[in-house]
Amino acid sequence: MKAAVVTFPGSNCDNDIVRVLSEFYSAKVDKVWHKDQFSEKYDLVILPGGFSYGDYLRSGAMAPFSPVMKSVKEHTDRGGKLFGICNGFQILAEAGYLPGALIRNRNLKYVCRTIGLKKASNSNKISGSLADDKILRVPVAHGDGCYFASAEIRKQLKEEGRILFLYAGDNPNGSLDDIAGICSPDFKVAGMMPHPERAMNPITGEMDGKTVLDLLIAS
């Protein structure tokens, strides 16, 4: 597998996802600086977590105008997979790849803790194969993670099976309908606020992040 991880000014989880892709999937991973573009054909492009451009103006709002996003669009136009984690999810929403917006947490506080995730339906082409009662333990770390969209959009996401994950029990940010991640209509673009790369440590035993990435890569 060949993957690219885009690094923006303020990204701080890029090295984490590079490490897990290299160590757990033997992937050839290139880090791509936001001012650069790429022509190589990758199986997967990842927009990592962090605080792109310092989250000035609005979380993820400035990154869509980076030169690298031209290459990202060419990648998705070819049918390549694109995955956004936390700030990456915010960028995907701001850039119009995914509907809705990520707004300030309802408690107006930064949250950083491990939460539960579950699938939303059997029809999601990425997470739908999970057992109905399976709860994944994955950390969140964000201040602007409340998923907000109109009732019509949320109804469409549900009907089309495009909700990637739901928060299970503990909704850390007030996201509407407990939505933790969503997908594009073709399921090639996905974004989620929790950090799977932070739940891939055999020493601590927290390995549910691998389940998330396994599902994403296999889809």
# chains A, B, ... in the order shown; residues from 1 in each chain; ligands from 1
call {"tool": "closest_atom_pairs", "arguments": {"of": "stretch 29-140 of chain A", "to": "stretch 208-219 of chain A", "cutoff": "8 Å", "atoms": "only C-alpha atoms", "output": "JSON lines"}}
result
{"residue": "A:Lys125", "atom": "CA", "partner": "A:Ser219", "partner_atom": "CA", "distance": 6.6}
{"residue": "A:Ile126", "atom": "CA", "partner": "A:Ser219", "partner_atom": "CA", "distance": 5.4}
{"residue": "A:Ser127", "atom": "CA", "partner": "A:Leu215", "partner_atom": "CA", "distance": 6.3}
{"residue": "A:Leu136", "atom": "CA", "partner": "A:Asp208", "partner_atom": "CA", "distance": 5.6}
{"residue": "A:Arg137", "atom": "CA", "partner": "A:Asp208", "partner_atom": "CA", "distance": 5.9}
{"residue": "A:Val138", "atom": "CA", "partner": "A:Gly209", "partner_atom": "CA", "distance": 6.2}
call {"tool": "select_by_dssp", "arguments": {"residues": "stretch 61-115 of chain A", "states": "strand (DSSP E or B)", "output": "list in words"}}
result
Lys81, Leu82, Phe83, Gly84, Ile85, Ala101, Leu102, Ile103, Val111, Cys112, Arg113, Thr114 and Ile115 of chain A
call {"tool": "atom_distance", "arguments": {"atom1": "atom CA of A:Ala3", "atom2": "atom CA of A:Ile46"}}
result
7.6 Å
call {"tool": "select_by_dssp", "arguments": {"residues": "stretch 65-156 of chain A", "states": "helix (DSSP H, G or I)", "output": "list of chain:residue names"}}
result
A:Phe65, A:Val68, A:Met69, A:Lys70, A:Ser71, A:Val72, A:Lys73, A:Glu74, A:His75, A:Thr76, A:Asp77, A:Asn87, A:Gly88, A:Phe89, A:Gln90, A:Ile91, A:Leu92, A:Ala93, A:Glu94, A:Ala151, A:Glu152, A:Ile153, A:Arg154, A:Lys155, A:Gln156
call {"tool": "write_last_selection", "arguments": {"atoms": "N, CA, C and O atoms", "output": "compact mmCIF listing (two decimals), in the first residue's frame"}}
result
# COMPACT_ATOMS: atom_id res chain seq x y z
N PHE A 65 -7.41 25.94 1.05
CA PHE A 65 -6.80 26.83 0.05
C PHE A 65 -5.31 26.55 -0.14
O PHE A 65 -4.65 27.24 -0.92
N VAL A 68 -1.55 22.02 -1.92
CA VAL A 68 -1.62 20.56 -1.95
C VAL A 68 -3.04 20.05 -2.23
O VAL A 68 -3.23 18.94 -2.74
N MET A 69 -4.05 20.87 -1.91
CA MET A 69 -5.41 20.41 -2.08
C MET A 69 -5.79 20.21 -3.54
O MET A 69 -6.74 19.48 -3.85
N LYS A 70 -5.05 20.82 -4.45
CA LYS A 70 -5.27 20.56 -5.88
C LYS A 70 -4.95 19.10 -6.18
O LYS A 70 -5.69 18.42 -6.90
N SER A 71 -3.83 18.62 -5.62
CA SER A 71 -3.46 17.23 -5.81
C SER A 71 -4.43 16.29 -5.09
O SER A 71 -4.72 15.19 -5.58
N VAL A 72 -4.94 16.72 -3.94
CA VAL A 72 -5.91 15.91 -3.21
C VAL A 72 -7.17 15.73 -4.05
O VAL A 72 -7.73 14.62 -4.14
N LYS A 73 -7.61 16.79 -4.71
CA LYS A 73 -8.79 16.69 -5.57
C LYS A 73 -8.53 15.75 -6.75
O LYS A 73 -9.40 14.93 -7.12
N GLU A 74 -7.35 15.86 -7.35
CA GLU A 74 -7.01 14.96 -8.45
C GLU A 74 -7.00 13.52 -7.98
O GLU A 74 -7.42 12.61 -8.72
N HIS A 75 -6.53 13.30 -6.76
CA HIS A 75 -6.51 11.96 -6.18
C HIS A 75 -7.94 11.42 -6.05
O HIS A 75 -8.21 10.26 -6.43
N THR A 76 -8.85 12.21 -5.50
CA THR A 76 -10.23 11.74 -5.33
C THR A 76 -10.94 11.61 -6.68
O THR A 76 -11.78 10.72 -6.85
N ASP A 77 -10.61 12.47 -7.62
CA ASP A 77 -11.21 12.36 -8.95
C ASP A 77 -10.83 11.04 -9.62
O ASP A 77 -11.59 10.52 -10.45
N ASN A 87 -8.82 17.23 12.96
CA ASN A 87 -8.67 18.43 12.15
C ASN A 87 -8.82 18.11 10.66
O ASN A 87 -9.32 18.92 9.88
N GLY A 88 -8.42 16.90 10.28
CA GLY A 88 -8.61 16.47 8.90
C GLY A 88 -10.08 16.38 8.53
O GLY A 88 -10.48 16.69 7.40
N PHE A 89 -10.91 15.92 9.46
CA PHE A 89 -12.36 15.88 9.26
C PHE A 89 -12.90 17.30 9.10
O PHE A 89 -13.73 17.58 8.22
N GLN A 90 -12.42 18.21 9.95
CA GLN A 90 -12.83 19.60 9.85
C GLN A 90 -12.48 20.18 8.47
O GLN A 90 -13.28 20.90 7.86
N ILE A 91 -11.29 19.84 7.98
CA ILE A 91 -10.85 20.33 6.67
C ILE A 91 -11.76 19.77 5.57
O ILE A 91 -12.16 20.49 4.65
N LEU A 92 -12.09 18.48 5.65
CA LEU A 92 -12.95 17.87 4.64
C LEU A 92 -14.32 18.53 4.61
O LEU A 92 -14.91 18.70 3.53
N ALA A 93 -14.84 18.90 5.77
CA ALA A 93 -16.13 19.59 5.81
C ALA A 93 -16.00 21.00 5.24
O ALA A 93 -16.85 21.44 4.44
N GLU A 94 -14.95 21.71 5.62
CA GLU A 94 -14.75 23.07 5.13
C GLU A 94 -14.52 23.09 3.61
O GLU A 94 -14.93 24.03 2.92
N ALA A 151 -31.45 18.90 9.48
CA ALA A 151 -32.18 17.64 9.65
C ALA A 151 -32.25 16.88 8.32
O ALA A 151 -32.19 15.64 8.31
N GLU A 152 -32.35 17.59 7.22
CA GLU A 152 -32.42 16.95 5.91
C GLU A 152 -31.12 16.21 5.59
O GLU A 152 -31.15 15.08 5.09
N ILE A 153 -29.98 16.87 5.86
CA ILE A 153 -28.69 16.22 5.60
C ILE A 153 -28.51 15.01 6.48
O ILE A 153 -28.09 13.94 6.02
N ARG A 154 -28.85 15.13 7.75
CA ARG A 154 -28.69 14.00 8.66
C ARG A 154 -29.60 12.84 8.28
O ARG A 154 -29.22 11.67 8.38
N LYS A 155 -30.79 13.15 7.82
CA LYS A 155 -31.72 12.12 7.36
C LYS A 155 -31.13 11.40 6.13
O LYS A 155 -31.18 10.18 6.03
N GLN A 156 -30.55 12.18 5.22
CA GLN A 156 -29.94 11.60 4.02
C GLN A 156 -28.75 10.72 4.39
O GLN A 156 -28.60 9.62 3.84
call {"tool": "closest_residue", "arguments": {"among": "A:Asp132, A:Glu197, A:Asp178, A:Asp170", "to": "A:Asp14", "atoms": "only C-alpha atoms"}}
result
A:Glu197
